[in-house]
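Here is the file model-v1.txt (compact mmCIF, C-alpha atoms).
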```
# COMPACT_ATOMS: atom_id res chain seq x y z
CA MET F 171 -55.88 -58.10 -128.25
CA ALA F 172 -53.56 -55.24 -127.29
CA LYS F 173 -55.21 -51.94 -126.44
CA GLU F 174 -55.13 -49.50 -129.34
CA SER F 175 -52.39 -47.06 -128.39
CA SER F 176 -53.37 -43.46 -128.78
CA MET F 177 -51.21 -40.52 -129.57
CA ALA F 178 -49.11 -39.46 -126.63
CA LEU F 179 -48.61 -35.91 -127.88
CA PRO F 180 -50.45 -34.24 -124.99
CA GLU F 181 -48.37 -36.22 -122.46
CA PHE F 182 -45.23 -35.56 -124.45
CA LEU F 183 -45.88 -31.82 -124.41
CA GLY F 184 -46.90 -32.00 -120.77
CA LYS F 185 -43.45 -33.32 -119.89
CA ALA F 186 -41.64 -30.91 -122.21
CA GLU F 187 -40.31 -27.54 -121.09
CA LEU F 188 -42.57 -24.67 -122.13
CA LEU F 189 -40.34 -21.88 -123.41
CA LYS F 190 -42.83 -19.35 -124.67
CA GLN F 191 -46.55 -18.84 -124.91
CA GLY F 192 -47.56 -16.40 -127.60
CA ALA F 193 -50.92 -15.39 -128.99
CA GLU F 194 -50.43 -17.76 -131.90
CA ALA F 195 -48.46 -20.70 -130.58
CA ARG F 196 -46.72 -22.36 -127.66
CA VAL F 197 -43.04 -23.23 -128.00
CA TYR F 198 -41.60 -26.19 -126.09
CA ARG F 199 -38.20 -27.79 -125.75
CA ALA F 200 -37.88 -31.58 -125.57
CA GLU F 201 -35.84 -34.51 -126.76
CA PHE F 202 -37.25 -36.17 -129.87
CA LEU F 203 -35.72 -39.23 -131.57
CA GLY F 204 -32.54 -38.57 -129.63
CA LYS F 205 -32.15 -34.94 -130.68
CA PRO F 206 -32.76 -31.71 -128.75
CA THR F 207 -35.93 -30.40 -130.36
CA ILE F 208 -38.16 -27.34 -130.36
CA VAL F 209 -41.86 -28.08 -130.75
CA LYS F 210 -44.05 -25.26 -132.00
CA GLU F 211 -47.71 -25.93 -131.26
CA ARG F 212 -50.31 -23.79 -132.94
CA PHE F 213 -53.17 -24.35 -130.55
CA GLN F 214 -56.88 -23.97 -131.28
CA LYS F 215 -58.25 -20.50 -131.05
CA HIS F 216 -61.70 -20.80 -129.59
CA TYR F 217 -62.57 -17.20 -130.32
CA ARG F 218 -62.49 -18.07 -134.01
CA HIS F 219 -65.09 -19.94 -135.98
CA PRO F 220 -63.81 -23.56 -135.93
CA VAL F 221 -63.78 -24.02 -139.69
CA LEU F 222 -61.88 -20.78 -140.18
CA ASP F 223 -59.50 -21.62 -137.34
CA GLU F 224 -58.62 -24.97 -138.86
CA LYS F 225 -58.02 -23.45 -142.30
CA LEU F 226 -55.92 -20.57 -141.00
CA THR F 227 -53.88 -22.67 -138.61
CA HIS F 228 -53.20 -25.30 -141.24
CA ARG F 229 -52.22 -22.67 -143.80
CA ARG F 230 -49.83 -20.93 -141.38
CA THR F 231 -48.20 -24.26 -140.47
CA VAL F 232 -47.71 -25.16 -144.13
CA GLN F 233 -46.33 -21.72 -145.02
CA GLU F 234 -43.89 -21.83 -142.15
CA VAL F 235 -42.53 -25.20 -143.18
CA ARG F 236 -42.32 -24.29 -146.89
CA SER F 237 -40.44 -21.07 -146.14
CA ILE F 238 -37.91 -22.89 -144.00
CA LEU F 239 -37.12 -25.42 -146.71
CA ARG F 240 -36.97 -22.73 -149.35
CA CYS F 241 -34.48 -20.74 -147.30
CA ARG F 242 -32.32 -23.77 -146.58
CA ARG F 243 -32.19 -24.68 -150.26
CA ALA F 244 -30.84 -21.22 -150.97
CA GLY F 245 -28.14 -21.57 -148.33
CA ILE F 246 -29.84 -19.50 -145.63
CA SER F 247 -29.50 -21.09 -142.20
CA ALA F 248 -32.82 -21.98 -140.62
CA PRO F 249 -33.68 -24.81 -138.21
CA VAL F 250 -34.08 -28.28 -139.70
CA VAL F 251 -37.65 -29.59 -139.69
CA TYR F 252 -37.81 -33.09 -138.19
CA PHE F 253 -41.56 -33.79 -138.24
CA VAL F 254 -44.85 -32.01 -138.82
CA ASP F 255 -48.10 -33.18 -137.24
CA TYR F 256 -50.88 -31.63 -139.29
CA THR F 257 -53.60 -32.92 -136.95
CA SER F 258 -52.37 -30.95 -133.95
CA HIS F 259 -50.45 -28.35 -136.00
CA CYS F 260 -47.14 -29.05 -134.30
CA ILE F 261 -43.82 -28.48 -135.96
CA PHE F 262 -40.84 -30.38 -134.55
CA LEU F 263 -37.66 -28.45 -135.29
CA GLU F 264 -33.97 -28.64 -134.59
CA GLU F 265 -33.01 -26.81 -131.43
CA ILE F 266 -30.13 -24.51 -132.23
CA MET F 267 -27.65 -25.15 -129.43
CA GLY F 268 -25.15 -22.65 -128.11
CA SER F 269 -26.82 -19.65 -129.66
CA LEU F 270 -27.56 -16.07 -128.76
CA THR F 271 -30.14 -13.79 -130.33
CA VAL F 272 -28.77 -10.94 -132.39
CA ARG F 273 -30.76 -8.69 -130.05
CA ASP F 274 -28.85 -9.89 -126.99
CA HIS F 275 -25.56 -9.83 -128.87
CA ILE F 276 -26.00 -6.20 -129.89
CA ILE F 277 -26.96 -5.19 -126.37
CA SER F 278 -24.01 -6.98 -124.77
CA THR F 279 -21.56 -5.73 -127.40
CA GLN F 280 -22.69 -2.16 -126.83
CA LYS F 281 -22.18 -2.58 -123.09
CA SER F 282 -18.88 -4.39 -122.96
CA ASP F 283 -16.85 -3.76 -126.11
CA SER F 284 -14.46 -0.85 -126.09
CA CYS F 285 -14.91 -0.49 -129.83
CA PRO F 286 -18.35 -1.91 -130.62
CA GLU F 287 -18.72 -0.19 -133.99
CA LEU F 288 -16.53 -2.61 -135.90
CA GLU F 289 -18.28 -5.68 -134.59
CA LEU F 290 -21.76 -4.21 -135.04
CA GLU F 291 -21.06 -2.94 -138.54
CA ARG F 292 -19.86 -6.36 -139.59
CA LEU F 293 -23.03 -7.85 -138.11
CA ALA F 294 -25.22 -5.33 -139.93
CA GLN F 295 -23.44 -6.16 -143.16
CA ARG F 296 -24.08 -9.88 -142.70
CA VAL F 297 -27.73 -9.39 -141.82
CA GLY F 298 -28.21 -7.23 -144.91
CA GLN F 299 -26.63 -9.93 -147.04
CA ILE F 300 -28.73 -12.76 -145.63
CA LEU F 301 -31.97 -10.78 -146.03
CA ALA F 302 -31.01 -9.96 -149.61
CA LYS F 303 -30.55 -13.65 -150.31
CA MET F 304 -33.88 -14.46 -148.68
CA HIS F 305 -35.78 -11.83 -150.63
CA ASP F 306 -34.09 -12.92 -153.85
CA GLU F 307 -35.67 -16.32 -153.15
CA ASP F 308 -39.00 -14.48 -152.83
CA VAL F 309 -39.35 -15.49 -149.19
CA ILE F 310 -40.98 -12.85 -147.01
CA HIS F 311 -40.18 -13.51 -143.35
CA GLY F 312 -43.08 -11.46 -141.99
CA ASP F 313 -41.69 -10.96 -138.49
CA LEU F 314 -38.17 -9.67 -138.84
CA THR F 315 -36.77 -8.64 -135.47
CA THR F 316 -33.37 -9.04 -133.88
CA SER F 317 -34.92 -11.65 -131.57
CA ASN F 318 -35.68 -13.81 -134.59
CA MET F 319 -32.06 -14.01 -135.66
CA LEU F 320 -29.59 -16.26 -133.89
CA LEU F 321 -25.83 -16.31 -133.77
CA ARG F 322 -24.32 -19.72 -133.20
CA ARG F 323 -20.63 -20.02 -132.38
CA SER F 324 -18.88 -22.06 -135.07
CA PRO F 325 -16.13 -24.24 -133.57
CA GLU F 326 -13.71 -24.18 -136.50
CA ASP F 327 -14.18 -21.07 -138.60
CA GLY F 328 -14.34 -18.31 -136.02
CA GLU F 329 -17.20 -16.23 -137.36
CA SER F 330 -20.52 -17.46 -135.99
CA ASP F 331 -23.41 -18.72 -138.11
CA LEU F 332 -26.32 -16.34 -138.60
CA ILE F 333 -29.59 -18.27 -138.39
CA LEU F 334 -33.12 -17.05 -139.09
CA ILE F 335 -35.96 -18.45 -136.98
CA ASP F 336 -39.72 -18.11 -136.48
CA PHE F 337 -41.13 -18.25 -139.98
CA GLY F 338 -44.63 -18.31 -138.58
CA LEU F 339 -45.84 -15.30 -140.54
CA SER F 340 -43.81 -15.97 -143.64
CA TYR F 341 -45.02 -16.42 -147.21
CA ILE F 342 -43.76 -16.49 -150.78
CA SER F 343 -43.95 -13.26 -152.79
CA ALA F 344 -42.00 -11.59 -155.56
CA LEU F 345 -43.55 -8.16 -154.98
CA PRO F 346 -41.12 -5.38 -154.04
CA GLU F 347 -43.90 -3.93 -151.86
CA ASP F 348 -43.95 -7.07 -149.67
CA LYS F 349 -40.16 -7.08 -149.40
CA GLY F 350 -40.19 -3.38 -148.59
CA VAL F 351 -42.71 -3.97 -145.81
CA ASP F 352 -40.56 -6.84 -144.51
CA LEU F 353 -37.63 -4.44 -144.19
CA TYR F 354 -39.88 -1.77 -142.68
CA VAL F 355 -40.96 -4.20 -139.95
CA LEU F 356 -37.30 -4.87 -139.20
CA GLU F 357 -36.48 -1.18 -139.17
CA LYS F 358 -39.22 -0.41 -136.68
CA ALA F 359 -38.26 -3.35 -134.45
CA PHE F 360 -34.55 -2.60 -134.73
CA LEU F 361 -34.75 1.08 -133.88
CA SER F 362 -37.14 0.57 -130.98
CA THR F 363 -35.12 -2.27 -129.45
CA HIS F 364 -31.72 -0.68 -130.04
CA PRO F 365 -31.91 3.09 -129.55
CA ASN F 366 -29.64 5.42 -131.53
CA THR F 367 -28.69 2.83 -134.13
CA GLU F 368 -29.99 4.66 -137.22
CA ALA F 369 -26.54 4.67 -138.80
CA LEU F 370 -26.11 0.97 -138.14
CA PHE F 371 -29.41 0.19 -139.81
CA GLU F 372 -28.40 2.30 -142.79
CA LYS F 373 -25.32 0.09 -143.12
CA LEU F 374 -27.63 -2.94 -143.08
CA LEU F 375 -29.71 -1.48 -145.90
CA LYS F 376 -26.61 -0.60 -147.91
CA SER F 377 -25.37 -4.15 -147.55
CA TYR F 378 -28.81 -5.41 -148.60
CA ALA F 379 -28.81 -3.17 -151.65
CA ALA F 380 -25.36 -4.34 -152.68
CA ALA F 381 -26.19 -8.02 -152.25
CA SER F 382 -29.64 -8.16 -153.83
CA LYS F 383 -30.22 -8.13 -157.56
CA LYS F 384 -33.68 -6.65 -157.23
CA SER F 385 -32.96 -4.20 -154.43
CA SER F 386 -33.64 -0.82 -156.02
CA ALA F 387 -37.35 -1.47 -156.43
CA VAL F 388 -37.50 -2.80 -152.88
CA ILE F 389 -35.72 0.19 -151.34
CA LYS F 390 -37.97 2.51 -153.31
CA LYS F 391 -41.01 0.77 -151.84
CA LEU F 392 -39.44 0.92 -148.37
CA ASP F 393 -39.19 4.71 -148.71
CA GLU F 394 -42.83 4.86 -149.77
CA VAL F 395 -43.95 2.65 -146.87
CA ARG F 396 -42.00 4.80 -144.41
CA LEU F 397 -44.03 7.78 -145.54
CA ARG F 398 -47.25 5.86 -144.96
CA GLY F 399 -46.84 4.68 -141.37
CA ARG F 400 -48.38 5.90 -138.12
CA LYS F 401 -48.09 9.61 -137.31
CA ARG F 402 -47.01 10.38 -140.81
CA SER F 403 -48.30 13.08 -143.02
CA MET F 404 -49.66 11.72 -146.30
CA VAL F 405 -49.21 14.99 -148.01
CA GLY F 406 -47.65 14.07 -151.32
CA MET D 73 -25.25 -54.09 -132.34
CA GLN D 74 -28.81 -53.30 -133.28
CA LEU D 75 -30.42 -50.03 -132.28
CA THR D 76 -33.78 -49.84 -130.54
CA ARG D 77 -35.57 -46.64 -129.71
CA GLU D 78 -39.02 -46.02 -128.26
CA LEU D 79 -41.06 -43.42 -130.15
CA GLU D 80 -41.79 -40.53 -127.79
CA LEU D 81 -45.11 -39.78 -129.46
CA TYR D 82 -46.21 -43.43 -129.55
CA PRO D 83 -44.62 -44.99 -126.47
CA ASP D 84 -46.13 -48.43 -127.17
CA HIS D 85 -44.04 -48.54 -130.33
CA SER D 86 -40.32 -49.12 -130.55
CA VAL D 87 -38.20 -49.03 -133.68
CA THR D 88 -35.31 -51.50 -134.06
CA GLN D 89 -32.73 -51.23 -136.81
CA MET D 90 -30.44 -54.11 -137.79
CA LEU D 91 -27.66 -53.84 -140.35
CA PHE D 92 -26.25 -56.78 -142.30
CA LYS D 93 -23.25 -56.92 -144.64
CA GLU D 94 -22.05 -59.72 -146.93
CA LEU D 95 -25.66 -60.42 -147.80
CA LYS D 96 -26.09 -63.58 -149.88
CA ASN D 97 -29.87 -63.92 -150.25
CA ALA D 98 -31.11 -60.46 -151.28
CA ALA D 99 -33.38 -61.85 -154.00
CA GLU D 100 -34.98 -64.39 -151.65
CA LEU D 101 -35.52 -61.72 -148.99
CA ARG D 102 -37.09 -59.33 -151.45
CA GLN D 103 -39.44 -62.05 -152.63
CA LYS D 104 -40.41 -62.90 -149.04
CA ALA D 105 -41.03 -59.20 -148.34
CA VAL D 106 -43.31 -58.93 -151.36
CA GLU D 107 -45.23 -61.97 -150.07
CA GLY D 108 -45.58 -60.27 -146.69
CA LYS D 109 -43.51 -62.90 -144.90
CA ILE D 110 -41.03 -60.45 -143.40
CA ASN D 111 -42.14 -58.41 -140.43
CA GLY D 112 -39.94 -55.49 -141.24
CA ALA D 113 -38.87 -52.99 -143.88
CA LEU D 114 -35.85 -53.96 -145.98
CA ILE D 115 -33.85 -50.88 -146.91
CA ASN D 116 -30.88 -50.36 -149.20
CA PRO D 117 -28.28 -48.97 -146.76
CA THR D 118 -26.24 -47.16 -149.45
CA MET D 119 -29.05 -44.59 -149.55
CA LEU D 120 -28.84 -43.97 -145.80
CA LEU D 121 -26.60 -41.58 -143.92
CA ASN D 122 -27.45 -42.22 -140.31
CA PRO D 123 -29.90 -44.21 -138.13
CA PHE D 124 -31.66 -40.90 -137.32
CA GLN D 125 -32.86 -40.74 -140.93
CA VAL D 126 -34.62 -44.09 -140.46
CA LEU D 127 -36.15 -42.98 -137.15
CA VAL D 128 -37.64 -39.90 -138.80
CA ALA D 129 -39.18 -42.06 -141.55
CA ALA D 130 -40.48 -44.63 -139.06
CA ASN D 131 -41.97 -42.00 -136.73
CA LYS D 132 -43.86 -40.39 -139.60
CA ALA D 133 -45.05 -43.81 -140.82
CA VAL D 134 -46.42 -44.81 -137.41
CA HIS D 135 -48.10 -41.40 -137.07
CA LEU D 136 -49.80 -41.67 -140.46
CA GLN D 137 -50.87 -45.22 -139.74
CA LYS D 138 -52.47 -44.13 -136.47
CA ILE D 139 -54.48 -41.38 -138.15
CA GLY D 140 -55.32 -43.58 -141.13
CA LYS D 141 -53.52 -41.40 -143.65
CA MET D 142 -50.75 -43.65 -144.99
CA LYS D 143 -50.01 -43.25 -148.66
CA THR D 144 -48.95 -46.88 -149.12
CA ARG D 145 -50.56 -50.13 -148.08
CA SER D 146 -48.44 -51.20 -145.12
CA LEU D 147 -46.39 -49.69 -142.32
CA PHE D 148 -43.17 -51.08 -143.78
CA SER D 149 -43.76 -49.78 -147.28
CA GLU D 150 -44.68 -46.46 -145.69
CA ILE D 151 -41.30 -46.30 -143.93
CA ILE D 152 -39.56 -46.85 -147.26
CA PHE D 153 -41.79 -44.26 -148.96
CA ASN D 154 -41.04 -41.67 -146.25
CA LEU D 155 -37.33 -41.91 -146.96
CA SER D 156 -37.88 -40.71 -150.51
CA PRO D 157 -37.80 -36.98 -151.37
CA THR D 158 -40.59 -37.43 -153.90
CA ASN D 159 -44.20 -38.50 -153.74
CA ASN D 160 -43.76 -41.26 -156.32
CA ILE D 161 -44.27 -44.57 -154.53
CA SER D 162 -42.74 -46.96 -157.08
CA GLU D 163 -39.68 -44.76 -157.41
CA ALA D 164 -39.26 -44.83 -153.63
CA PHE D 165 -39.30 -48.63 -153.59
CA LYS D 166 -36.83 -48.81 -156.45
CA LYS D 167 -34.38 -46.41 -154.87
CA PHE D 168 -34.72 -47.27 -151.17
CA GLY D 169 -35.93 -50.86 -151.08
CA ILE D 170 -33.48 -53.69 -151.59
CA SER D 171 -32.73 -55.06 -155.02
CA ASP D 172 -31.85 -58.62 -155.96
CA GLY D 173 -28.12 -58.00 -156.28
CA ASP D 174 -27.59 -56.02 -153.07
CA ASP D 175 -24.86 -57.15 -150.69
CA SER D 176 -26.11 -55.32 -147.61
CA VAL D 177 -29.47 -54.55 -146.02
CA LEU D 178 -30.86 -52.52 -143.16
CA VAL D 179 -33.90 -54.11 -141.54
CA VAL D 180 -36.36 -51.89 -139.67
CA LEU D 181 -38.77 -53.44 -137.21
CA VAL D 182 -41.62 -51.73 -135.39
CA HIS D 183 -42.82 -53.48 -132.28
CA ASN D 184 -43.74 -53.10 -128.66
CA LYS D 185 -41.49 -53.87 -125.70
CA ASP D 186 -40.60 -57.53 -126.11
CA GLU D 187 -38.68 -57.90 -129.29
CA SER D 188 -36.27 -60.77 -128.79
CA GLN D 189 -38.36 -63.20 -130.81
CA LEU D 190 -38.59 -60.75 -133.71
CA LEU D 191 -34.86 -60.19 -133.77
CA SER D 192 -34.06 -63.89 -133.91
CA ASP D 193 -36.68 -64.34 -136.65
CA ILE D 194 -34.84 -61.81 -138.75
CA THR D 195 -31.33 -63.13 -138.10
CA ALA D 196 -32.61 -66.57 -139.07
CA LYS D 197 -33.95 -65.32 -142.40
CA VAL D 198 -31.06 -63.06 -143.38
CA ASN D 199 -27.99 -64.77 -144.82
CA GLY D 200 -25.42 -62.18 -143.92
CA ARG D 201 -23.16 -60.85 -141.17
CA GLN D 202 -24.80 -58.52 -138.64
CA VAL D 203 -22.76 -55.38 -137.93
CA PRO D 204 -23.40 -52.36 -135.69
CA VAL D 205 -26.10 -50.08 -137.11
CA GLU D 206 -23.79 -47.08 -136.76
CA ASP D 207 -21.65 -48.63 -139.54
CA VAL D 208 -24.34 -47.55 -141.99
CA SER D 209 -22.54 -44.26 -142.54
CA SER D 210 -19.60 -46.18 -144.04
CA LEU D 211 -21.95 -47.62 -146.66
CA SER D 212 -23.47 -44.28 -147.69
CA ASP D 213 -23.20 -43.43 -151.38
CA LEU D 214 -22.90 -39.66 -150.89
CA ALA D 215 -22.95 -38.78 -154.57
CA LYS D 216 -26.12 -40.79 -155.21
CA ILE D 217 -27.80 -39.32 -152.13
CA LYS D 218 -26.91 -35.72 -153.04
CA LYS D 219 -28.22 -36.26 -156.56
CA LEU D 220 -31.48 -37.94 -155.55
CA TYR D 221 -32.34 -35.41 -152.85
CA LYS D 222 -31.21 -32.56 -155.13
CA VAL D 223 -29.08 -31.02 -152.41
CA THR D 224 -27.67 -27.67 -153.52
CA PRO D 225 -24.01 -26.78 -152.83
CA GLN D 226 -25.02 -23.68 -150.85
CA GLU D 227 -27.29 -25.80 -148.69
CA GLU D 228 -24.36 -27.97 -147.69
CA LYS D 229 -22.58 -24.90 -146.41
CA CYS D 230 -25.31 -24.05 -143.91
CA GLY D 231 -25.82 -27.55 -142.57
CA THR D 232 -24.92 -31.21 -142.93
CA LEU D 233 -26.13 -33.51 -145.69
CA LEU D 234 -28.20 -35.31 -143.06
CA ASP D 235 -29.94 -32.00 -142.22
CA ALA D 236 -30.83 -31.47 -145.88
CA VAL D 237 -32.15 -35.00 -146.26
CA VAL D 238 -34.22 -35.03 -143.06
CA CYS D 239 -35.72 -31.62 -143.81
CA ARG D 240 -36.93 -32.80 -147.20
CA MET D 241 -38.33 -36.02 -145.76
CA ALA D 242 -40.28 -34.07 -143.16
CA THR D 243 -41.69 -31.48 -145.55
CA LYS D 244 -42.20 -33.20 -148.89
CA ASP D 245 -45.97 -33.45 -148.51
CA VAL D 246 -46.38 -29.69 -148.74
CA MET D 247 -43.69 -28.79 -151.25
```
Since I need it in another form, could you write the structure as structure tokens?
Amino acid sequence: MAKESSMALPEFLGKAELLKQGAEARVYRAEFLGKPTIVKERFQKHYRHPVLDEKLTHRRTVQEVRSILRCRRAGISAPVVYFVDYTSHCIFLEEIMGSLTVRDHIISTQKSDSCPELELERLAQRVGQILAKMHDEDVIHGDLTTSNMLLRRSPEDGESDLILIDFGLSYISALPEDKGVDLYVLEKAFLSTHPNTEALFEKLLKSYAAASKKSSAVIKKLDEVRLRGRKRSMVG
Amino acid sequence: MQLTRELELYPDHSVTQMLFKELKNAAELRQKAVEGKINGALINPTMLLNPFQVLVAANKAVHLQKIGKMKTRSLFSEIIFNLSPTNNISEAFKKFGISDGDDSVLVVLVHNKDESQLLSDITAKVNGRQVPVEDVSSLSDLAKIKKLYKVTPQEEKCGTLLDAVVCRMATKDVM
């Protein structure tokens, strides 16, 4: 009688290339079923009560996967999900090849381009449009930063694809407040990563407002949230 | 001709796909499959785009079998069920399993290293001409596939049809 083969996930991950270790998950790169794959492993948190940990980790995994499919259905580029292992909370995703984070692209464009404004304004316009589409689908990304947006060179068309990644904190919500906070998170991350880009971010918001059907309520909430933040006076 | 791939997560298991055209005994094969006499899954290749799609379904089936969480009764029916975008088992069999009048079939086998006996068993039972598995894309009924998987036009702009199909297969249990 052949020995019962057990799951080789630990060995598989052991041989894979560890790309990132965060507080929440480890991200690996490997080949899976013949395709270059990213594996996101939400590992056990031993500082949490085990029952709570299981519930939370499972819920986050499910939300991430749902948000990705929801975005793709609406025509927003996000990595393809190949396989989800709910026992070890691993998501096997398409590795986006030949890509650059928007963060790195902005930084390099600012350094090298003689006239960066045109390029960056076009980028801000596209990001605003894609976020408008996402929010119109009631998907809240939850961790919008320029490191969570990828640009992939498109061989034929010329303009690169803009892809959203890392839906780990995402969820579904129709509330303008949640969308406003999503944009606020991006604003904070954007301005701290890319100094002196207030005007550029304004262009992003204008593009968002023009592209989204429900934007006025969201922008209103964004203004309110801005007044709330750290080191802000709550004097009405 | 046929395509064999070892599953990275279950290295004792390999998946072999064999494609046959000019099939003459679809009804007999289907009957044998129902009786459990065929050691493989018999799939309607017009619903397939690419061998990768089958690998994704087979990987998930083996995984669920190992953890005892299959939705159907056998590994082979589970592979067929995993191809479907819905959670309705009988609909999956109707759409993805072979029907009596079919003139082509893709056979999926799951085995460990030594498979030569299995392959010859299958070629003996199937009355048809074996062709390279990669030819499956020439048999794809794109319109039927787009309709069944409910692929939106905007989705096709941000990825291939195969991307849309595989994503749904991988995530249908939580949608």
Dump as JSON lines the rows for residues of chain D within 9 Å of chain F: closest atom pair and distance in Å with one decimal, all atoms listed in the file counted, ordered by chain and rising residue number.
```
{"residue": "D:Arg77", "atom": "CA", "partner": "F:Leu203", "partner_atom": "CA", "distance": 7.6}
{"residue": "D:Glu78", "atom": "CA", "partner": "F:Leu203", "partner_atom": "CA", "distance": 8.2}
{"residue": "D:Leu79", "atom": "CA", "partner": "F:Leu203", "partner_atom": "CA", "distance": 6.9}
{"residue": "D:Glu80", "atom": "CA", "partner": "F:Phe202", "partner_atom": "CA", "distance": 6.6}
{"residue": "D:Leu81", "atom": "CA", "partner": "F:Ala178", "partner_atom": "CA", "distance": 4.9}
{"residue": "D:Tyr82", "atom": "CA", "partner": "F:Ala178", "partner_atom": "CA", "distance": 5.7}
{"residue": "D:Pro83", "atom": "CA", "partner": "F:Ala178", "partner_atom": "CA", "distance": 7.1}
{"residue": "D:Asp84", "atom": "CA", "partner": "F:Ser175", "partner_atom": "CA", "distance": 6.5}
{"residue": "D:His85", "atom": "CA", "partner": "F:Ser175", "partner_atom": "CA", "distance": 8.7}
{"residue": "D:Phe124", "atom": "CA", "partner": "F:Leu203", "partner_atom": "CA", "distance": 7.2}
{"residue": "D:Leu127", "atom": "CA", "partner": "F:Leu203", "partner_atom": "CA", "distance": 6.7}
{"residue": "D:Val128", "atom": "CA", "partner": "F:Tyr252", "partner_atom": "CA", "distance": 6.8}
{"residue": "D:Asn131", "atom": "CA", "partner": "F:Phe253", "partner_atom": "CA", "distance": 8.4}
{"residue": "D:Lys132", "atom": "CA", "partner": "F:Phe253", "partner_atom": "CA", "distance": 7.1}
{"residue": "D:His135", "atom": "CA", "partner": "F:Met177", "partner_atom": "CA", "distance": 8.2}
{"residue": "D:Lys138", "atom": "CA", "partner": "F:Ser176", "partner_atom": "CA", "distance": 7.8}
{"residue": "D:Ile139", "atom": "CA", "partner": "F:Thr257", "partner_atom": "CA", "distance": 8.6}
{"residue": "D:Val223", "atom": "CA", "partner": "F:Arg243", "partner_atom": "CA", "distance": 7.4}
{"residue": "D:Thr224", "atom": "CA", "partner": "F:Arg243", "partner_atom": "CA", "distance": 6.3}
{"residue": "D:Pro225", "atom": "CA", "partner": "F:Gly245", "partner_atom": "CA", "distance": 8.0}
{"residue": "D:Gln226", "atom": "CA", "partner": "F:Gly245", "partner_atom": "CA", "distance": 4.5}
{"residue": "D:Glu227", "atom": "CA", "partner": "F:Gly245", "partner_atom": "CA", "distance": 4.3}
{"residue": "D:Glu228", "atom": "CA", "partner": "F:Gly245", "partner_atom": "CA", "distance": 7.5}
{"residue": "D:Lys229", "atom": "CA", "partner": "F:Gly245", "partner_atom": "CA", "distance": 6.8}
{"residue": "D:Cys230", "atom": "CA", "partner": "F:Ser247", "partner_atom": "CA", "distance": 5.4}
{"residue": "D:Gly231", "atom": "CA", "partner": "F:Ser247", "partner_atom": "CA", "distance": 7.4}
{"residue": "D:Asp235", "atom": "CA", "partner": "F:Val250", "partner_atom": "CA", "distance": 6.1}
{"residue": "D:Ala236", "atom": "CA", "partner": "F:Val250", "partner_atom": "CA", "distance": 7.7}
{"residue": "D:Val238", "atom": "CA", "partner": "F:Tyr252", "partner_atom": "CA", "distance": 6.4}
{"residue": "D:Cys239", "atom": "CA", "partner": "F:Val251", "partner_atom": "CA", "distance": 5.0}
{"residue": "D:Arg240", "atom": "CA", "partner": "F:Leu239", "partner_atom": "CA", "distance": 7.4}
{"residue": "D:Met241", "atom": "CA", "partner": "F:Tyr252", "partner_atom": "CA", "distance": 8.1}
{"residue": "D:Ala242", "atom": "CA", "partner": "F:Phe253", "partner_atom": "CA", "distance": 5.1}
{"residue": "D:Thr243", "atom": "CA", "partner": "F:Val235", "partner_atom": "CA", "distance": 6.8}
{"residue": "D:Val246", "atom": "CA", "partner": "F:Val232", "partner_atom": "CA", "distance": 6.6}
{"residue": "D:Met247", "atom": "CA", "partner": "F:Arg236", "partner_atom": "CA", "distance": 6.4}
```
Surrounding residues of D:Ala105 excluding itself and chain neighbours under 3 positions, 12 Å, all atoms listed in the file, as an NGL selection string: :D and (98-102 or 108-115 or 146 or 148-149 or 165 or 169-172 or 179 or 194 or 197-198)
Interatomic distance (Å, one decimal) between atom CA of F:Pro365 and atom CA of F:Thr315: 14.0 Å
Among listed residues F:Thr271, F:Ser385, F:Gln191, F:Thr231, nearest F:Ala344 (using only C-alpha atoms):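 For F:Ala344, the nearest of the given residues is F:Ser385.
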Straight-line distance linking atom CA of F:Glu224 with atom CA of D:Ile161, stated in Å to one decimal: 28.9 Å
Length of the atom CA of F:Leu375 to atom CA of F:Gly298 vector [Å]: 6.0 Å
At a cut-off of 10 Å, using all atoms listed in the file, what residues contact F:Ala195? Leave out same-chain residues fewer than 3 positions from it and give the result as a PDB file with C-alpha atoms, keeping the file's coordinate frame.
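Once everything was written out, this is part.pdb:
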```pdb
ATOM      1  CA  LYS F 190     -42.830 -19.350-124.670  1.00  0.00           C
ATOM      2  CA  GLN F 191     -46.550 -18.840-124.910  1.00  0.00           C
ATOM      3  CA  GLY F 192     -47.560 -16.400-127.600  1.00  0.00           C
ATOM      4  CA  TYR F 198     -41.600 -26.190-126.090  1.00  0.00           C
ATOM      5  CA  VAL F 209     -41.860 -28.080-130.750  1.00  0.00           C
ATOM      6  CA  LYS F 210     -44.050 -25.260-132.000  1.00  0.00           C
ATOM      7  CA  GLU F 211     -47.710 -25.930-131.260  1.00  0.00           C
ATOM      8  CA  ARG F 212     -50.310 -23.790-132.940  1.00  0.00           C
ATOM      9  CA  PHE F 213     -53.170 -24.350-130.550  1.00  0.00           C
ATOM     10  CA  GLN F 214     -56.880 -23.970-131.280  1.00  0.00           C
ATOM     11  CA  LYS F 215     -58.250 -20.500-131.050  1.00  0.00           C
ATOM     12  CA  THR F 227     -53.880 -22.670-138.610  1.00  0.00           C
ATOM     13  CA  HIS F 259     -50.450 -28.350-136.000  1.00  0.00           C
ATOM     14  CA  CYS F 260     -47.140 -29.050-134.300  1.00  0.00           C
ATOM     15  CA  GLY F 338     -44.630 -18.310-138.580  1.00  0.00           C
TER      16      GLY F 338
END
```
Residue contacts of D:Lys93 (12 Å, all atoms listed in the file) excluding same-chain residues fewer than 5 positions away, as a count of residues only: 22
